[in-house]
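Single-structure report; data block below.
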Amino acid sequence: MKTLATRKVLALCALLLVALPAMARKPLKPKAPPPSIAITVDASEAPRHILHARLTIPATPGEMTFYYPKWVPGEHGPTGPIAELAGVKFTFNGQPLAWRRDLVDMYAFLVQVPQAATTVEVTLDFLLPSQGMFSGGASASAQMGVLSWNQVLLYPKGWTSDELTYTATLRLPEGWKYGTALDTAKESPQGVEFAPVSLTTLVDSPVIMGAHYRVAPLAAGETPSHEIDMAADSEVALEMSPESREAYNQLVAETGALFGARHYRHYHFLLSLSDNVAHFGLEHHESSDNRIGERSLVDENLRKASAGLLPHEFVHSWNGKHRRPAGLATPDYQQPMKTDLLWVYEGLTTYLGGILTARSGLETPEQYREDLALVAAELDNRPGRTWRPLADTAVAAQTLYGAPSEWSSWRRGVDFYDESDLIWLEADVTLRQLSHGQRSLDDFCHRFHGGQSGPPALKTYTFEDVVNTLNEVAPYDWKAFLTARLNSTSPRAPLGGIEGGGWKLAYNETLPGQQQARESTRQYIDVSYSLGFRVNNGGGVLDVIPGTPAAEAGLAPGTKILGVDGRRWNPSRSPNLLREAIRAAKGRSQPLRLLVENADYYKTIEINYHGGERYPHLERDASKPDLLGEIIKPHATSGP
Ligand SMILES: [Zn+2]
């Protein structure tokens, strides 16, 4: 998954598929054939922010346990939105059945099933939230919505998600259209009936729907097929430019060149264009749930700020879904996941998604380098790395996704995205150097993610598998290479890939275009490498980096800037006001003064900084070959 906080598009991931064998998923104790469950979801009131569901579940007399999905694939934590469940009722033949919640597991419902009962009917509502993260975040507007099946279902204890079969029917709001990786069995006035699938596949196959809906087929004539299924808050928002369309065609071709095989029957990019849904990406095996602002296809700044989202989520079909760390391949949604290999699952996806964004032309080489410089500078100015090694950010991922921005440079965040981007770049550069340009990380991807094309299949891996495959491409002490970087508490970021790739991280006074695009679309100002903090356009201090001039002067995260050098803060002019004040303080002796409000008290903070504006860039090192340029140039010659 990918949040849109920085270059990372935290694409959340869900699970798998139709013909998928029950690999690594042993039945607990099947006493009968696995149950086949019918579910009907009425989404006709999605614009009113409520979904209604009815399930018919085969039952046996006595106490039965029904689970609400807790660990949502791709979200890397126990994030199932249980608080939004309401109106839960269990009945048999119309008679209500007594239930209680487990005293410890809030996701378990214990139901008394009478002797005569062969099925239990469950009705429930899902209260579509306006806040929250990922599939538990805002998912519907007045004009469109995304249904994640884990929101609206229960499943019986005793079976793996591969063993349970669900036949789903969906009723849409009047006049809305839909897109999904699920196969449609039939459409009728009662709704859309989908072909039966495993619970794994159902949860892995969200449905996008909307009044303003359009399908953009990609790589026409190729098998398997690819398409972008778009739903928006307005008709005009669906107008993808021919250039973007061509770049997405190229993205399909470039993944073919990179991986050499495809592990899906067809692929659907579900693309939400709305300012009224949560913004993120969540990966699935045959689709991805991508949610960005309404005007992201038609506004150049918004387009640039989200250019890497679809490539990242698409990569997850190979890296995350087909190949998955063993600790993330759980048999159901109750067993906790182990997230220690997220530096591969998310980190390698961040690297590959980034280079594919450039290879396909969704961004220019210069924009790619600007993104990379911003990532490198952030991590190279992150004091939290002196106490928390990168490996721990992966292990503790479930505590970091929802962490606030305040003190993030000292706490660290989900750095296994961006720092692994630097590490995988260094691995790529090292493979090229070891093999004198004959091998690269593309060869690793062919071996690790390629193989035989076909329907979705899950192949788990361990740390040793990663090391062994790297060794097959070019012998080296890859275990030591990775271990040193994962466990480092050096204050410096791993910049060996940038430097070995023929570039250097440097700072100058020019605001990078990619930073300008992000600041204007996300309404914040970043002066981390001059004064040492980030602030939102309203004056709220998002973070202050320990050891910087602002931190030394006493500025605290969570406080509010009311004025700069005697002039009142104003959301519309303050980005310029702050930058002009930094320029004015250059070469003068008086400090830059901030009037700050801290919990009802005012204070003037005097920052003795006179170095002018400072922003990160990559500068070419002419003494070395431009391997970075080699890495991001187009690789695909024709179709996928
Ligand atoms: Zn991701």
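By order of appearance in the structure tokens: chains A, B, ..., then residues from 1 within every chain, and ligands from 1 in the order shown.
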
_12 Å shell around ligand 1 using only C-alpha atoms and all ligand atoms, listed as number ranges by chain_ = A: 1-4, 7-14, 73-76, 134, 280-284, 288-290, 308-321, 342-354, 414, 416-418, 421

*asked:* Which of region 286-466 of chain A end up as alpha helix (DSSP H) when DSSP is run on this backbone - answer as JSON, numbers by chain?
replied: {"A": [300, 301, 302, 303, 304, 305, 309, 310, 311, 312, 313, 314, 315, 342, 343, 344, 345, 347, 348, 349, 350, 351, 352, 353, 354, 355, 356, 357, 358, 359, 365, 366, 367, 368, 369, 370, 371, 372, 373, 374, 375, 376, 377, 378, 379, 380, 390, 391, 392, 393, 394, 395, 397, 398, 399, 400, 408, 409, 410, 411, 418, 419, 420, 421, 422, 423, 424, 425, 426, 427, 428, 429, 430, 431, 432, 433, 434, 441, 442, 443, 444, 445, 446, 447, 448, 449, 463, 464, 465, 466]}

_Residues near region 53-58 of chain A, anyone? I mean within 10 Å using only C-alpha atoms, not counting same-chain ones fewer than 3 positions away, as a PyMOL selection string._
chain A and resi 34-43+66+87-92+117-126+151-156+166-170

Would you output that residue set with N, CA and C atoms, as a tab-separated table (two decimals), in the first residue's frame?
chain	number	residue	atom	x	y	z
A	34	PRO	N	-16.23	-27.67	3.13
A	34	PRO	CA	-16.17	-26.24	3.48
A	34	PRO	C	-17.47	-25.54	3.10
A	35	PRO	N	-17.91	-24.63	3.95
A	35	PRO	CA	-19.19	-23.96	3.70
A	35	PRO	C	-19.16	-23.06	2.47
A	36	SER	N	-20.31	-22.95	1.86
A	36	SER	CA	-20.50	-22.00	0.77
A	36	SER	C	-21.49	-20.95	1.24
A	37	ILE	N	-21.09	-19.71	1.19
A	37	ILE	CA	-21.83	-18.63	1.83
A	37	ILE	C	-22.36	-17.67	0.78
A	38	ALA	N	-23.59	-17.23	0.98
A	38	ALA	CA	-24.16	-16.22	0.08
A	38	ALA	C	-24.14	-14.87	0.79
A	39	ILE	N	-23.71	-13.84	0.07
A	39	ILE	CA	-23.71	-12.49	0.64
A	39	ILE	C	-24.35	-11.53	-0.37
A	40	THR	N	-25.26	-10.72	0.13
A	40	THR	CA	-25.87	-9.67	-0.68
A	40	THR	C	-25.57	-8.34	-0.03
A	41	VAL	N	-24.98	-7.44	-0.78
A	41	VAL	CA	-24.67	-6.11	-0.26
A	41	VAL	C	-25.53	-5.10	-1.00
A	42	ASP	N	-26.29	-4.33	-0.23
A	42	ASP	CA	-27.09	-3.26	-0.81
A	42	ASP	C	-26.33	-1.94	-0.62
A	43	ALA	N	-25.75	-1.46	-1.71
A	43	ALA	CA	-24.98	-0.21	-1.65
A	43	ALA	C	-25.80	0.97	-2.15
A	66	PHE	N	-18.27	-16.46	14.72
A	66	PHE	CA	-18.16	-15.75	13.44
A	66	PHE	C	-17.20	-14.58	13.61
A	87	GLY	N	-26.02	-2.75	13.69
A	87	GLY	CA	-27.21	-3.50	13.28
A	87	GLY	C	-26.96	-4.98	13.08
A	88	VAL	N	-26.01	-5.55	13.79
A	88	VAL	CA	-25.68	-6.96	13.59
A	88	VAL	C	-26.75	-7.84	14.24
A	89	LYS	N	-27.36	-8.70	13.41
A	89	LYS	CA	-28.40	-9.60	13.94
A	89	LYS	C	-28.20	-10.98	13.34
A	90	PHE	N	-28.36	-12.00	14.15
A	90	PHE	CA	-28.28	-13.39	13.71
A	90	PHE	C	-29.68	-14.00	13.86
A	91	THR	N	-30.16	-14.70	12.82
A	91	THR	CA	-31.49	-15.33	12.90
A	91	THR	C	-31.45	-16.71	12.26
A	92	PHE	N	-32.43	-17.54	12.68
A	92	PHE	CA	-32.70	-18.81	12.00
A	92	PHE	C	-34.21	-18.89	11.81
A	117	ALA	N	-31.18	-25.95	13.28
A	117	ALA	CA	-30.65	-24.99	12.31
A	117	ALA	C	-29.59	-25.62	11.41
A	118	THR	N	-29.72	-25.35	10.12
A	118	THR	CA	-28.67	-25.73	9.17
A	118	THR	C	-27.97	-24.51	8.59
A	119	THR	N	-28.62	-23.36	8.76
A	119	THR	CA	-28.00	-22.09	8.32
A	119	THR	C	-28.29	-21.00	9.35
A	120	VAL	N	-27.45	-20.00	9.31
A	120	VAL	CA	-27.68	-18.79	10.11
A	120	VAL	C	-27.72	-17.62	9.13
A	121	GLU	N	-28.74	-16.77	9.30
A	121	GLU	CA	-28.80	-15.54	8.52
A	121	GLU	C	-28.17	-14.42	9.34
A	122	VAL	N	-27.33	-13.66	8.71
A	122	VAL	CA	-26.71	-12.52	9.39
A	122	VAL	C	-27.07	-11.26	8.61
A	123	THR	N	-27.58	-10.26	9.29
A	123	THR	CA	-27.72	-8.95	8.66
A	123	THR	C	-26.84	-7.97	9.42
A	124	LEU	N	-26.25	-7.06	8.69
A	124	LEU	CA	-25.40	-6.05	9.33
A	124	LEU	C	-25.31	-4.82	8.43
A	125	ASP	N	-24.97	-3.70	9.06
A	125	ASP	CA	-24.73	-2.46	8.33
A	125	ASP	C	-23.27	-2.06	8.52
A	126	PHE	N	-22.73	-1.42	7.51
A	126	PHE	CA	-21.41	-0.81	7.65
A	126	PHE	C	-21.58	0.69	7.53
A	151	GLN	N	-15.30	-5.02	4.68
A	151	GLN	CA	-16.11	-4.10	5.49
A	151	GLN	C	-17.44	-4.73	5.89
A	152	VAL	N	-17.95	-5.62	5.06
A	152	VAL	CA	-19.38	-5.99	5.15
A	152	VAL	C	-19.62	-7.48	5.37
A	153	LEU	N	-18.63	-8.23	5.84
A	153	LEU	CA	-18.88	-9.66	5.97
A	153	LEU	C	-18.35	-10.24	7.26
A	154	LEU	N	-18.93	-11.39	7.61
A	154	LEU	CA	-18.42	-12.24	8.68
A	154	LEU	C	-18.07	-13.57	8.05
A	155	TYR	N	-17.25	-14.35	8.73
A	155	TYR	CA	-16.96	-15.70	8.26
A	155	TYR	C	-16.87	-16.63	9.45
A	156	PRO	N	-17.22	-17.92	9.24
A	156	PRO	CA	-17.25	-18.85	10.37
A	156	PRO	C	-15.85	-19.34	10.74
A	166	TYR	N	-17.66	-17.81	-1.35
A	166	TYR	CA	-18.67	-16.77	-1.23
A	166	TYR	C	-19.28	-16.49	-2.61
A	167	THR	N	-20.61	-16.45	-2.63
A	167	THR	CA	-21.31	-15.99	-3.83
A	167	THR	C	-21.91	-14.63	-3.50
A	168	ALA	N	-21.40	-13.59	-4.16
A	168	ALA	CA	-21.74	-12.22	-3.78
A	168	ALA	C	-22.67	-11.57	-4.79
A	169	THR	N	-23.64	-10.82	-4.27
A	169	THR	CA	-24.53	-10.01	-5.09
A	169	THR	C	-24.45	-8.58	-4.59
A	170	LEU	N	-24.40	-7.64	-5.52
A	170	LEU	CA	-24.25	-6.23	-5.15
A	170	LEU	C	-25.32	-5.40	-5.82

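With distances restricted to only C-alpha atoms, A:Phe481 is the closest residue to Ala427 (chain A) from A:Trp407, A:Trp503, A:Phe481, A:Tyr267.
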
Would you mind listing, for every residue of region 182-300 of chain A within 8 Å of region 450-456 of chain A, the two atoms forming the shortest contact and the distance between them in Å to one decimal, using only C-alpha atoms, sorted by chain and ascending residue number, as a tab-separated table?
residue	atom	partner	partner_atom	distance
A:Phe259	CA	A:Gly450	CA	5.1
A:Gly260	CA	A:Gly450	CA	5.4
A:Ala261	CA	A:Ser453	CA	4.8
A:Arg262	CA	A:Ser453	CA	4.8
A:His263	CA	A:Pro456	CA	5.0
A:Tyr264	CA	A:Pro455	CA	4.6
A:Arg265	CA	A:Pro455	CA	5.2
A:His285	CA	A:Pro456	CA	6.8
A:Glu286	CA	A:Pro456	CA	7.6

*Using only C-alpha atoms, which residues sit within 8 Å of Ile82 (chain A) once same-chain residues fewer than 2 positions away are excluded, as a PyMOL selection string?*
chain A and resi 68+70+80+84-85+106-107

*For Pro336 (chain A), which residue out of A:Pro69, A:Gly179, A:Pro389, A:Gly136 is the nearest one, using only C-alpha atoms?*
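Of the candidates, the smallest distance to Pro336 (chain A) is held by A:Pro69.
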